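What's in coords.cif: mmCIF, C-alpha atoms
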data_data
#
loop_
_atom_site.label_atom_id
_atom_site.label_comp_id
_atom_site.auth_asym_id
_atom_site.auth_seq_id
_atom_site.Cartn_x
_atom_site.Cartn_y
_atom_site.Cartn_z
CA MET R 1 -14.13 -6.16 14.93
CA ILE R 2 -13.05 -2.98 13.16
CA LEU R 3 -15.74 -2.87 10.48
CA MET R 4 -14.93 -1.43 7.05
CA TYR R 5 -17.59 0.38 5.06
CA HIS R 6 -17.37 2.41 1.86
CA GLY R 7 -20.53 3.61 0.17
CA ILE R 8 -24.14 3.79 1.41
CA SER R 9 -26.50 3.92 -1.56
CA ASP R 10 -29.75 2.60 -3.01
CA LYS R 11 -28.21 -0.44 -4.71
CA GLU R 12 -26.20 -3.16 -2.97
CA ALA R 13 -22.74 -3.87 -4.40
CA GLU R 14 -19.44 -5.35 -3.28
CA TRP R 15 -18.33 -2.07 -1.70
CA VAL R 16 -21.75 -0.54 -1.11
CA ARG R 17 -24.46 -1.15 1.49
CA THR R 18 -27.99 0.04 0.95
CA ALA R 19 -29.36 2.38 3.61
CA ASP R 20 -31.73 -0.35 4.78
CA ASN R 21 -28.94 -2.90 5.02
CA PHE R 22 -26.78 -0.48 6.99
CA ARG R 23 -29.69 0.00 9.40
CA LYS R 24 -29.97 -3.78 9.59
CA ASP R 25 -26.24 -4.03 10.39
CA LEU R 26 -26.54 -1.59 13.27
CA GLN R 27 -29.63 -3.29 14.67
CA THR R 28 -27.98 -6.71 14.40
CA LEU R 29 -24.88 -5.52 16.22
CA TYR R 30 -27.00 -3.93 18.92
CA ASP R 31 -29.20 -6.99 19.39
CA LYS R 32 -26.17 -9.30 19.58
CA GLY R 33 -24.56 -7.27 22.34
CA TYR R 34 -22.06 -5.11 20.47
CA ARG R 35 -21.44 -1.51 21.50
CA LEU R 36 -19.62 1.26 19.66
CA ILE R 37 -16.26 2.63 20.68
CA SER R 38 -13.95 4.94 18.77
CA LEU R 39 -10.85 3.74 16.98
CA LYS R 40 -8.82 5.99 19.29
CA ASP R 41 -10.30 4.31 22.37
CA TYR R 42 -9.38 0.94 20.91
CA ILE R 43 -5.72 1.76 20.26
CA GLU R 44 -5.43 3.51 23.63
CA ASN R 45 -7.08 0.57 25.42
CA ASN R 46 -9.76 2.86 26.82
CA ILE R 47 -12.70 0.48 26.45
CA LYS R 48 -15.62 1.85 28.43
CA VAL R 49 -18.20 -0.71 27.42
CA GLU R 50 -20.77 -1.99 29.90
CA ALA R 51 -19.93 -5.38 31.41
CA GLY R 52 -21.02 -8.29 29.28
CA TYR R 53 -20.94 -6.41 25.97
CA THR R 54 -18.46 -6.44 23.09
CA PRO R 55 -16.77 -3.33 21.63
CA VAL R 56 -16.95 -2.72 17.89
CA VAL R 57 -15.43 0.04 15.72
CA LEU R 58 -16.96 1.56 12.56
CA THR R 59 -14.82 2.92 9.73
CA PHE R 60 -15.78 4.44 6.37
CA ASP R 61 -13.32 4.83 3.50
CA ASP R 62 -13.24 7.47 0.74
CA GLY R 63 -15.37 10.27 2.22
CA LEU R 64 -18.16 9.81 -0.30
CA GLN R 65 -21.16 12.12 -0.38
CA ASN R 66 -23.40 9.24 0.67
CA ASN R 67 -21.35 8.98 3.87
CA PHE R 68 -22.35 12.51 4.86
CA ASN R 69 -24.85 14.33 2.68
CA ILE R 70 -26.56 17.60 3.54
CA ILE R 71 -29.82 18.38 1.81
CA GLU R 72 -32.15 21.38 1.90
CA GLU R 73 -35.74 21.09 3.05
CA ASN R 74 -38.06 24.09 3.23
CA GLY R 75 -35.08 26.40 2.94
CA GLU R 76 -33.18 24.76 5.79
CA LYS R 77 -30.16 22.49 5.63
CA THR R 78 -30.53 19.06 7.18
CA ILE R 79 -28.67 15.77 7.18
CA ASP R 80 -29.86 13.28 4.58
CA PRO R 81 -31.58 10.54 6.64
CA ASN R 82 -30.28 7.90 4.21
CA CYS R 83 -26.59 8.80 4.38
CA ALA R 84 -24.29 7.04 6.85
CA VAL R 85 -24.17 9.92 9.34
CA GLY R 86 -27.94 10.42 9.14
CA ILE R 87 -28.57 6.75 9.82
CA LEU R 88 -26.07 6.69 12.70
CA GLU R 89 -27.56 9.78 14.31
CA GLU R 90 -31.07 8.36 14.00
CA PHE R 91 -29.95 5.04 15.50
CA LYS R 92 -28.17 6.81 18.35
CA LYS R 93 -31.38 8.63 19.31
CA ALA R 94 -33.33 5.37 19.36
CA HIS R 95 -30.58 3.41 21.13
CA PRO R 96 -28.52 5.82 23.25
CA ASP R 97 -26.78 2.90 24.98
CA PHE R 98 -25.30 1.71 21.66
CA GLY R 99 -22.52 4.28 22.01
CA GLN R 100 -21.25 6.64 19.37
CA GLY R 101 -18.33 6.96 17.05
CA GLY R 102 -17.01 6.17 13.62
CA SER R 103 -13.91 7.12 11.64
CA PHE R 104 -14.24 8.69 8.20
CA PHE R 105 -11.11 8.32 6.08
CA VAL R 106 -11.14 11.07 3.49
CA TYR R 107 -9.06 12.26 0.57
CA TYR R 108 -8.97 15.54 -1.32
CA PRO R 109 -9.70 17.95 -2.90
CA ILE R 110 -13.40 17.58 -1.96
CA PRO R 111 -14.11 15.20 0.93
CA PHE R 112 -17.81 14.30 1.13
CA ARG R 113 -18.21 15.93 -2.32
CA GLN R 114 -19.98 19.13 -1.26
CA LYS R 115 -17.22 21.69 -1.47
CA GLU R 116 -19.01 24.56 0.26
CA LEU R 117 -19.93 22.35 3.22
CA ILE R 118 -16.60 20.70 4.08
CA LYS R 119 -15.90 22.79 7.18
CA GLU R 120 -19.48 22.52 8.41
CA LYS R 121 -19.42 18.75 8.05
CA TYR R 122 -16.02 18.42 9.73
CA GLU R 123 -17.15 20.49 12.70
CA PHE R 124 -20.32 18.44 13.06
CA LEU R 125 -18.35 15.21 13.03
CA ILE R 126 -15.86 16.14 15.71
CA GLN R 127 -18.57 17.68 17.89
CA ASN R 128 -20.58 14.45 17.75
CA GLY R 129 -17.95 11.84 18.54
CA TYR R 130 -16.67 10.97 15.08
CA ASP R 131 -13.09 11.04 13.76
CA ILE R 132 -11.61 12.26 10.49
CA GLY R 133 -8.77 10.10 9.19
CA ASN R 134 -6.15 10.08 6.46
CA HIS R 135 -6.75 8.25 3.18
CA GLY R 136 -3.97 9.83 1.16
CA TYR R 137 -4.27 13.10 -0.70
CA THR R 138 -5.91 11.77 -3.86
CA HIS R 139 -6.42 8.10 -2.91
CA ASP R 140 -2.85 7.32 -3.89
CA ASN R 141 -1.53 3.74 -4.06
CA LEU R 142 1.25 4.05 -1.50
CA GLY R 143 2.84 0.82 -2.67
CA LYS R 144 3.76 2.51 -5.97
CA LEU R 145 5.29 5.66 -4.45
CA GLY R 146 8.79 6.45 -3.28
CA VAL R 147 9.52 7.54 0.26
CA GLU R 148 9.30 11.26 -0.50
CA ASP R 149 5.99 10.93 -2.32
CA VAL R 150 4.49 8.79 0.44
CA GLN R 151 5.30 11.55 2.91
CA LYS R 152 4.02 14.17 0.48
CA VAL R 153 0.54 12.67 -0.01
CA LEU R 154 0.05 11.84 3.67
CA ALA R 155 1.28 15.22 4.90
CA LYS R 156 -0.83 17.07 2.31
CA ASN R 157 -3.90 15.26 3.60
CA VAL R 158 -3.14 16.34 7.17
CA LYS R 159 -2.39 19.90 6.09
CA SER R 160 -5.69 20.12 4.18
CA THR R 161 -7.70 18.78 7.11
CA GLN R 162 -6.05 21.20 9.51
CA GLU R 163 -6.88 24.10 7.20
CA TYR R 164 -10.52 23.39 8.05
CA LEU R 165 -9.82 22.28 11.64
CA PRO R 166 -6.72 24.06 12.98
CA GLY R 167 -4.63 21.78 15.18
CA TYR R 168 -6.84 18.73 14.61
CA ASP R 169 -5.11 15.44 15.46
CA VAL R 170 -5.27 13.21 12.37
CA TYR R 171 -4.14 10.11 14.23
CA ALA R 172 -5.11 7.29 11.84
CA LEU R 173 -4.61 6.19 8.25
CA ALA R 174 -6.62 3.74 6.18
CA LEU R 175 -4.29 2.48 3.47
CA PRO R 176 -5.80 3.25 0.04
CA TYR R 177 -6.43 -0.09 -1.71
CA GLY R 178 -5.10 -1.70 1.47
CA ILE R 179 -1.56 -1.33 0.13
CA GLY R 180 1.50 0.18 1.79
CA PRO R 181 5.18 0.47 0.88
CA LYS R 182 7.32 -2.63 1.24
CA GLY R 183 10.12 -3.31 3.68
CA ASP R 184 11.48 -0.54 5.87
CA ASN R 185 9.70 2.05 3.73
CA TYR R 186 6.48 0.98 5.44
CA ASN R 187 7.62 3.01 8.44
CA TYR R 188 6.72 6.15 6.48
CA VAL R 189 3.01 5.35 6.60
CA VAL R 190 3.31 5.63 10.38
CA GLN R 191 5.12 8.94 10.56
CA GLY R 192 6.94 11.42 8.41
CA GLU R 193 7.12 15.03 7.28
CA TYR R 194 6.78 17.07 4.11
CA GLU R 195 7.37 20.79 3.72
CA GLY R 196 6.99 21.40 7.44
CA THR R 197 3.85 19.33 7.97
CA LYS R 198 4.38 16.32 10.20
CA TYR R 199 2.09 13.34 10.56
CA HIS R 200 1.96 10.45 13.02
CA ASN R 201 -0.54 7.67 12.38
CA ARG R 202 -0.95 5.83 15.65
CA ALA R 203 -3.29 3.45 13.85
CA VAL R 204 -2.85 2.18 10.29
CA LEU R 205 -5.73 0.14 8.88
CA LYS R 206 -5.52 -2.55 6.25
CA VAL R 207 -8.37 -4.03 4.24
CA GLY R 208 -7.91 -7.25 6.16
CA SER R 209 -10.39 -9.99 6.82
CA ASN R 210 -10.40 -10.74 10.53
CA PRO R 211 -11.12 -9.07 13.87
CA ALA R 212 -8.34 -7.08 15.49
CA PRO R 213 -6.56 -8.49 18.55
CA SER R 214 -7.06 -7.10 22.03
CA PRO R 215 -5.06 -3.87 22.38
CA VAL R 216 -2.91 -5.53 25.07
CA SER R 217 -2.20 -8.64 23.03
CA VAL R 218 1.30 -9.43 21.81
CA LYS R 219 -0.38 -9.87 18.42
CA CYS R 220 -1.67 -6.29 18.30
CA ASP R 221 0.31 -4.12 15.89
CA PRO R 222 -1.33 -0.68 15.58
CA ALA R 223 0.61 -0.10 12.36
CA ARG R 224 -1.07 -3.11 10.72
CA LEU R 225 -4.61 -3.39 11.99
CA PRO R 226 -6.94 -5.78 10.17
CA ARG R 227 -10.53 -4.92 9.38
CA VAL R 228 -13.66 -6.93 8.68
CA ARG R 229 -15.63 -6.09 5.56
CA ALA R 230 -19.13 -4.99 6.53
CA SER R 231 -20.87 -6.63 3.61
CA GLU R 232 -22.72 -9.73 2.53
CA MET R 233 -21.36 -9.82 -1.02
CA ASN R 234 -18.10 -11.51 -2.08
CA THR R 235 -16.83 -11.73 1.48
CA ALA R 236 -15.18 -15.15 0.97
CA GLY R 237 -16.52 -16.33 4.30
CA VAL R 238 -14.84 -13.62 6.39
CA GLY R 239 -17.37 -10.78 6.27
CA MET R 240 -19.18 -9.22 9.22
CA TYR R 241 -21.99 -11.78 9.31
CA ASP R 242 -19.54 -14.65 8.99
CA TRP R 243 -17.68 -13.41 12.06
CA LEU R 244 -20.88 -12.80 13.98
CA SER R 245 -21.78 -16.43 13.35
CA TYR R 246 -18.27 -17.55 14.34
CA PHE R 247 -18.45 -15.75 17.68
CA GLU R 248 -21.86 -17.23 18.42
CA LYS R 249 -20.39 -20.69 17.88
CA ASN R 250 -17.14 -19.84 19.69
CA PRO R 251 -18.08 -17.46 22.52
CA ASP R 252 -14.72 -18.04 24.23
CA LYS R 253 -13.04 -16.24 21.31
CA ARG R 254 -15.17 -13.12 21.60
CA TYR R 255 -13.87 -10.07 23.45
CA ILE R 256 -16.23 -9.32 26.33
CA SER R 257 -15.93 -6.21 28.49
CA ASP R 258 -15.75 -6.66 32.25
CA GLY R 259 -17.08 -3.13 32.68
CA ASN R 260 -13.89 -1.63 34.14
CA PRO R 261 -11.62 0.19 31.66
CA ASP R 262 -8.80 0.16 34.22
CA ARG R 263 -8.77 -3.62 34.54
CA ILE R 264 -7.72 -6.29 32.06
CA ALA R 265 -9.33 -9.64 32.89
CA ILE R 266 -8.17 -12.69 30.95
CA PRO R 267 -8.43 -16.46 31.24
CA GLU R 268 -5.24 -18.22 32.32
CA SER R 269 -4.99 -19.84 28.88
CA GLU R 270 -4.34 -16.38 27.37
CA LYS R 271 -1.67 -15.30 29.85
CA GLU R 272 1.22 -15.77 27.45
CA ASN R 273 -0.49 -13.53 24.87
CA VAL R 274 -0.47 -10.42 27.08
CA ASP R 275 2.12 -7.75 26.37
CA GLU R 276 2.57 -6.33 29.86
CA ALA R 277 4.22 -3.18 28.45
CA LYS R 278 0.83 -2.30 26.95
CA LEU R 279 -0.98 -2.45 30.29
CA GLN R 280 0.22 1.09 31.18
CA GLY R 281 -0.67 0.74 34.82
CA LYS R 282 -3.96 -1.08 34.35
CA GLU R 283 -4.69 -3.97 36.67
CA LEU R 284 -4.22 -7.44 35.19
CA VAL R 285 -6.60 -10.10 36.51
CA ILE R 286 -6.03 -13.71 35.49
CA TYR R 287 -8.81 -16.21 36.18
CA ASN R 288 -9.35 -19.92 35.71
#
Turn the structure described in the file into structure tokens.
Amino acid sequence: MILMYHGISDKEAEWVRTADNFRKDLQTLYDKGYRLISLKDYIENNIKVEAGYTPVVLTFDDGLQNNFNIIEENGEKTIDPNCAVGILEEFKKAHPDFGQGGSFFVYYPIPFRQKELIKEKYEFLIQNGYDIGNHGYTHDNLGKLGVEDVQKVLAKNVKSTQEYLPGYDVYALALPYGIGPKGDNYNYVVQGEYEGTKYHNRAVLKVGSNPAPSPVSVKCDPARLPRVRASEMNTAGVGMYDWLSYFEKNPDKRYISDGNPDRIAIPESEKENVDEAKLQGKELVIYN
């Protein structure tokens, strides 16, 4: 599952989890044998999860202040313990074997809504295993833009991020509203250029409603990756807890790590679903 979050606040809503419910989500994932990996590790098939456990990816759209809020206590700046980053850091200390990671898809002009702290927050994120992704320049509906404007808003996002983090690899895009251009114009959400700034999104995330395929599956399209809504409200039966229940009832459908990132082990029934070009030298083991 690539889990999709938005806000973390004090009142539950369709696109908002309370801090306590987010803590519950993390504890539930941990207790049920899920372990964090980065989105980059997923698309690069670099899954270093202990044998017997299932990888999971966290994503946060919009770059809201409640995703990463810095407060002042006794004259010193500290991370708000009830924002997403604060909760993740606290959980990581209590459960170091849970893994680390999470992708924050931001837009401008003020990601995380504390203008004077943008660079400080960005540096903290990349130093602590998180990613910063593209969410358009001003949360633009890419389905309503022409080719030039699609490239403009995506390139401007990259340029702005790299002004704070020179040379930073913005490798992923979460489509604002889950909408991209139609037809061949969709290719411009993957890569393009505007006024000398190039971008290449090796992962493009939709809103989606189902777990993503194995990175070596013939069904895996990094330019159209589905996500699972991490919510319990208006999920239409395909939210995080619905899928957790599904995998408990159908354990043969759940991705389980064999503990060796250089080996791909699959049941014989799945042989035809492997894209051997995606193995990139990794050993393929087929079992009965």
Suppose a student applies the PyMOL selection byres ((chain R and resi 176-187) around 7) to this structure; what residues should they get, written as a ChimeraX atom specification? /R:135-136,139-143,147,174-175,188-191,206-207
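Each of R:Ser38, R:Asn82, R:Asn45, R:Gln65 was checked against Ala172 (chain R) using only C-alpha atoms; the smallest atom-to-atom distance is that of R:Ser38.
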Could you check which residues have any atom within 12 Å of (-16.9, 18.1, 4.8), counting all atoms listed in the file with coordinates taken straight from the file, and then list them as a PDB file with C-alpha atoms, in the coordinates of the input?
ATOM      1  CA  ASP R  62     -13.240   7.470   0.740  1.00  0.00           C
ATOM      2  CA  GLY R  63     -15.370  10.270   2.220  1.00  0.00           C
ATOM      3  CA  LEU R  64     -18.160   9.810  -0.300  1.00  0.00           C
ATOM      4  CA  GLN R  65     -21.160  12.120  -0.380  1.00  0.00           C
ATOM      5  CA  ASN R  66     -23.400   9.240   0.670  1.00  0.00           C
ATOM      6  CA  ASN R  67     -21.350   8.980   3.870  1.00  0.00           C
ATOM      7  CA  PHE R  68     -22.350  12.510   4.860  1.00  0.00           C
ATOM      8  CA  ASN R  69     -24.850  14.330   2.680  1.00  0.00           C
ATOM      9  CA  ILE R  70     -26.560  17.600   3.540  1.00  0.00           C
ATOM     10  CA  VAL R  85     -24.170   9.920   9.340  1.00  0.00           C
ATOM     11  CA  PHE R 104     -14.240   8.690   8.200  1.00  0.00           C
ATOM     12  CA  PHE R 105     -11.110   8.320   6.080  1.00  0.00           C
ATOM     13  CA  VAL R 106     -11.140  11.070   3.490  1.00  0.00           C
ATOM     14  CA  TYR R 107      -9.060  12.260   0.570  1.00  0.00           C
ATOM     15  CA  TYR R 108      -8.970  15.540  -1.320  1.00  0.00           C
ATOM     16  CA  PRO R 109      -9.700  17.950  -2.900  1.00  0.00           C
ATOM     17  CA  ILE R 110     -13.400  17.580  -1.960  1.00  0.00           C
ATOM     18  CA  PRO R 111     -14.110  15.200   0.930  1.00  0.00           C
ATOM     19  CA  PHE R 112     -17.810  14.300   1.130  1.00  0.00           C
ATOM     20  CA  ARG R 113     -18.210  15.930  -2.320  1.00  0.00           C
ATOM     21  CA  GLN R 114     -19.980  19.130  -1.260  1.00  0.00           C
ATOM     22  CA  LYS R 115     -17.220  21.690  -1.470  1.00  0.00           C
ATOM     23  CA  GLU R 116     -19.010  24.560   0.260  1.00  0.00           C
ATOM     24  CA  LEU R 117     -19.930  22.350   3.220  1.00  0.00           C
ATOM     25  CA  ILE R 118     -16.600  20.700   4.080  1.00  0.00           C
ATOM     26  CA  LYS R 119     -15.900  22.790   7.180  1.00  0.00           C
ATOM     27  CA  GLU R 120     -19.480  22.520   8.410  1.00  0.00           C
ATOM     28  CA  LYS R 121     -19.420  18.750   8.050  1.00  0.00           C
ATOM     29  CA  TYR R 122     -16.020  18.420   9.730  1.00  0.00           C
ATOM     30  CA  GLU R 123     -17.150  20.490  12.700  1.00  0.00           C
ATOM     31  CA  PHE R 124     -20.320  18.440  13.060  1.00  0.00           C
ATOM     32  CA  LEU R 125     -18.350  15.210  13.030  1.00  0.00           C
ATOM     33  CA  ILE R 126     -15.860  16.140  15.710  1.00  0.00           C
ATOM     34  CA  ILE R 132     -11.610  12.260  10.490  1.00  0.00           C
ATOM     35  CA  SER R 160      -5.690  20.120   4.180  1.00  0.00           C
ATOM     36  CA  THR R 161      -7.700  18.780   7.110  1.00  0.00           C
ATOM     37  CA  GLU R 163      -6.880  24.100   7.200  1.00  0.00           C
ATOM     38  CA  TYR R 164     -10.520  23.390   8.050  1.00  0.00           C
ATOM     39  CA  LEU R 165      -9.820  22.280  11.640  1.00  0.00           C
TER      40      LEU R 165
END
Pick out the residues sitting within 10 Å of Val16 (chain R), and hand them over as a PyMOL selection string; count all atoms listed in the file, and ignore anything fewer than 5 positions along from it in its own chain. chain R and resi 5-11+21-22+230-233
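What the PyMOL selection byres ((chain R and resi 192) around 12) picks from this file is Val147, Glu148, Asp149, Val150, Gln151, Lys152, Val153, Leu154, Ala155, Lys156, Val158, Asn185, Tyr186, Asn187, Tyr188, Val189, Val190, Gln191, Glu193, Tyr194, Glu195, Gly196, Thr197, Lys198, Tyr199, His200 and Asn201 of chain R.
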Using the chain letters and numbers from this file, what does the PyMOL selection byres ((chain R and resi 215) around 7) select? Give the answer as a ChimeraX atom specification. /R:42-43,45,213-214,216-217,220
Identify the residues around (3.4, -9.5, 22.6) within a radius of 9 Å, measuring from only C-alpha atoms in the coordinates stated by the file, and give them as an NGL selection string. :R and (216-220 or 272-278)
How would region 44-55 of chain R read, as a PDB file, in the coordinates of the input, once all heavy atoms are built in?
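What follows is the written file result_22.pdb:
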ATOM      1  N   GLU R  44      -5.901   3.046  22.333  1.00  0.00           N
ATOM      2  CA  GLU R  44      -5.430   3.510  23.630  1.00  0.00           C
ATOM      3  C   GLU R  44      -5.905   2.622  24.776  1.00  0.00           C
ATOM      4  O   GLU R  44      -5.673   2.922  25.941  1.00  0.00           O
ATOM      5  CB  GLU R  44      -5.875   4.960  23.859  1.00  0.00           C
ATOM      6  CG  GLU R  44      -5.208   5.941  22.891  1.00  0.00           C
ATOM      7  CD  GLU R  44      -5.657   7.380  23.086  1.00  0.00           C
ATOM      8  OE1 GLU R  44      -6.592   7.616  23.880  1.00  0.00           O
ATOM      9  OE2 GLU R  44      -5.068   8.273  22.431  1.00  0.00           O
ATOM     10  N   ASN R  45      -6.567   1.516  24.439  1.00  0.00           N
ATOM     11  CA  ASN R  45      -7.080   0.570  25.420  1.00  0.00           C
ATOM     12  C   ASN R  45      -7.948   1.279  26.466  1.00  0.00           C
ATOM     13  O   ASN R  45      -7.811   1.078  27.665  1.00  0.00           O
ATOM     14  CB  ASN R  45      -5.936  -0.184  26.118  1.00  0.00           C
ATOM     15  CG  ASN R  45      -6.436  -1.352  26.955  1.00  0.00           C
ATOM     16  OD1 ASN R  45      -7.496  -1.907  26.678  1.00  0.00           O
ATOM     17  ND2 ASN R  45      -5.690  -1.705  27.982  1.00  0.00           N
ATOM     18  N   ASN R  46      -8.851   2.104  25.961  1.00  0.00           N
ATOM     19  CA  ASN R  46      -9.760   2.860  26.820  1.00  0.00           C
ATOM     20  C   ASN R  46     -11.185   2.383  26.518  1.00  0.00           C
ATOM     21  O   ASN R  46     -12.021   3.124  26.013  1.00  0.00           O
ATOM     22  CB  ASN R  46      -9.610   4.357  26.539  1.00  0.00           C
ATOM     23  CG  ASN R  46     -10.463   5.196  27.459  1.00  0.00           C
ATOM     24  OD1 ASN R  46     -10.683   4.847  28.611  1.00  0.00           O
ATOM     25  ND2 ASN R  46     -10.960   6.313  26.937  1.00  0.00           N
ATOM     26  N   ILE R  47     -11.447   1.119  26.848  1.00  0.00           N
ATOM     27  CA  ILE R  47     -12.700   0.480  26.450  1.00  0.00           C
ATOM     28  C   ILE R  47     -13.727   0.595  27.568  1.00  0.00           C
ATOM     29  O   ILE R  47     -13.704  -0.152  28.539  1.00  0.00           O
ATOM     30  CB  ILE R  47     -12.445  -0.982  26.046  1.00  0.00           C
ATOM     31  CG1 ILE R  47     -11.486  -1.004  24.849  1.00  0.00           C
ATOM     32  CG2 ILE R  47     -13.754  -1.686  25.698  1.00  0.00           C
ATOM     33  CD1 ILE R  47     -11.076  -2.387  24.406  1.00  0.00           C
ATOM     34  N   LYS R  48     -14.620   1.557  27.409  1.00  0.00           N
ATOM     35  CA  LYS R  48     -15.620   1.850  28.430  1.00  0.00           C
ATOM     36  C   LYS R  48     -16.984   1.264  28.038  1.00  0.00           C
ATOM     37  O   LYS R  48     -17.981   1.967  27.969  1.00  0.00           O
ATOM     38  CB  LYS R  48     -15.734   3.360  28.637  1.00  0.00           C
ATOM     39  CG  LYS R  48     -14.439   4.010  29.119  1.00  0.00           C
ATOM     40  CD  LYS R  48     -14.596   5.521  29.247  1.00  0.00           C
ATOM     41  CE  LYS R  48     -13.316   6.166  29.736  1.00  0.00           C
ATOM     42  NZ  LYS R  48     -13.434   7.647  29.829  1.00  0.00           N
ATOM     43  N   VAL R  49     -16.974  -0.024  27.805  1.00  0.00           N
ATOM     44  CA  VAL R  49     -18.200  -0.710  27.420  1.00  0.00           C
ATOM     45  C   VAL R  49     -18.775  -1.418  28.638  1.00  0.00           C
ATOM     46  O   VAL R  49     -18.042  -1.997  29.435  1.00  0.00           O
ATOM     47  CB  VAL R  49     -17.916  -1.728  26.292  1.00  0.00           C
ATOM     48  CG1 VAL R  49     -19.135  -2.597  26.004  1.00  0.00           C
ATOM     49  CG2 VAL R  49     -17.491  -0.991  25.020  1.00  0.00           C
ATOM     50  N   GLU R  50     -20.101  -1.357  28.777  1.00  0.00           N
ATOM     51  CA  GLU R  50     -20.770  -1.990  29.900  1.00  0.00           C
ATOM     52  C   GLU R  50     -20.407  -3.474  29.978  1.00  0.00           C
ATOM     53  O   GLU R  50     -20.231  -4.151  28.952  1.00  0.00           O
ATOM     54  CB  GLU R  50     -22.285  -1.837  29.734  1.00  0.00           C
ATOM     55  CG  GLU R  50     -23.101  -2.353  30.901  1.00  0.00           C
ATOM     56  CD  GLU R  50     -24.592  -2.169  30.671  1.00  0.00           C
ATOM     57  OE1 GLU R  50     -24.979  -1.485  29.703  1.00  0.00           O
ATOM     58  OE2 GLU R  50     -25.371  -2.727  31.465  1.00  0.00           O
ATOM     59  N   ALA R  51     -20.295  -3.978  31.195  1.00  0.00           N
ATOM     60  CA  ALA R  51     -19.930  -5.380  31.410  1.00  0.00           C
ATOM     61  C   ALA R  51     -20.854  -6.319  30.647  1.00  0.00           C
ATOM     62  O   ALA R  51     -22.072  -6.136  30.627  1.00  0.00           O
ATOM     63  CB  ALA R  51     -19.958  -5.700  32.896  1.00  0.00           C
ATOM     64  N   GLY R  52     -20.255  -7.291  30.002  1.00  0.00           N
ATOM     65  CA  GLY R  52     -21.020  -8.290  29.280  1.00  0.00           C
ATOM     66  C   GLY R  52     -21.208  -7.984  27.802  1.00  0.00           C
ATOM     67  O   GLY R  52     -21.739  -8.814  27.058  1.00  0.00           O
ATOM     68  N   TYR R  53     -20.769  -6.805  27.370  1.00  0.00           N
ATOM     69  CA  TYR R  53     -20.940  -6.410  25.970  1.00  0.00           C
ATOM     70  C   TYR R  53     -19.584  -6.384  25.246  1.00  0.00           C
ATOM     71  O   TYR R  53     -18.530  -6.374  25.876  1.00  0.00           O
ATOM     72  CB  TYR R  53     -21.632  -5.056  25.882  1.00  0.00           C
ATOM     73  CG  TYR R  53     -23.073  -5.098  26.332  1.00  0.00           C
ATOM     74  CD1 TYR R  53     -23.409  -4.912  27.673  1.00  0.00           C
ATOM     75  CD2 TYR R  53     -24.096  -5.362  25.423  1.00  0.00           C
ATOM     76  CE1 TYR R  53     -24.738  -4.978  28.091  1.00  0.00           C
ATOM     77  CE2 TYR R  53     -25.421  -5.425  25.838  1.00  0.00           C
ATOM     78  CZ  TYR R  53     -25.731  -5.237  27.168  1.00  0.00           C
ATOM     79  OH  TYR R  53     -27.040  -5.316  27.573  1.00  0.00           O
ATOM     80  N   THR R  54     -19.658  -6.354  23.926  1.00  0.00           N
ATOM     81  CA  THR R  54     -18.460  -6.440  23.090  1.00  0.00           C
ATOM     82  C   THR R  54     -18.245  -5.141  22.316  1.00  0.00           C
ATOM     83  O   THR R  54     -19.159  -4.669  21.632  1.00  0.00           O
ATOM     84  CB  THR R  54     -18.596  -7.606  22.088  1.00  0.00           C
ATOM     85  OG1 THR R  54     -18.665  -8.836  22.819  1.00  0.00           O
ATOM     86  CG2 THR R  54     -17.409  -7.654  21.142  1.00  0.00           C
ATOM     87  N   PRO R  55     -17.044  -4.554  22.386  1.00  0.00           N
ATOM     88  CA  PRO R  55     -16.770  -3.330  21.630  1.00  0.00           C
ATOM     89  C   PRO R  55     -16.655  -3.608  20.136  1.00  0.00           C
ATOM     90  O   PRO R  55     -16.189  -4.668  19.719  1.00  0.00           O
ATOM     91  CB  PRO R  55     -15.434  -2.858  22.205  1.00  0.00           C
ATOM     92  CG  PRO R  55     -14.784  -4.100  22.731  1.00  0.00           C
ATOM     93  CD  PRO R  55     -15.902  -4.975  23.211  1.00  0.00           C
TER      94      PRO R  55
END
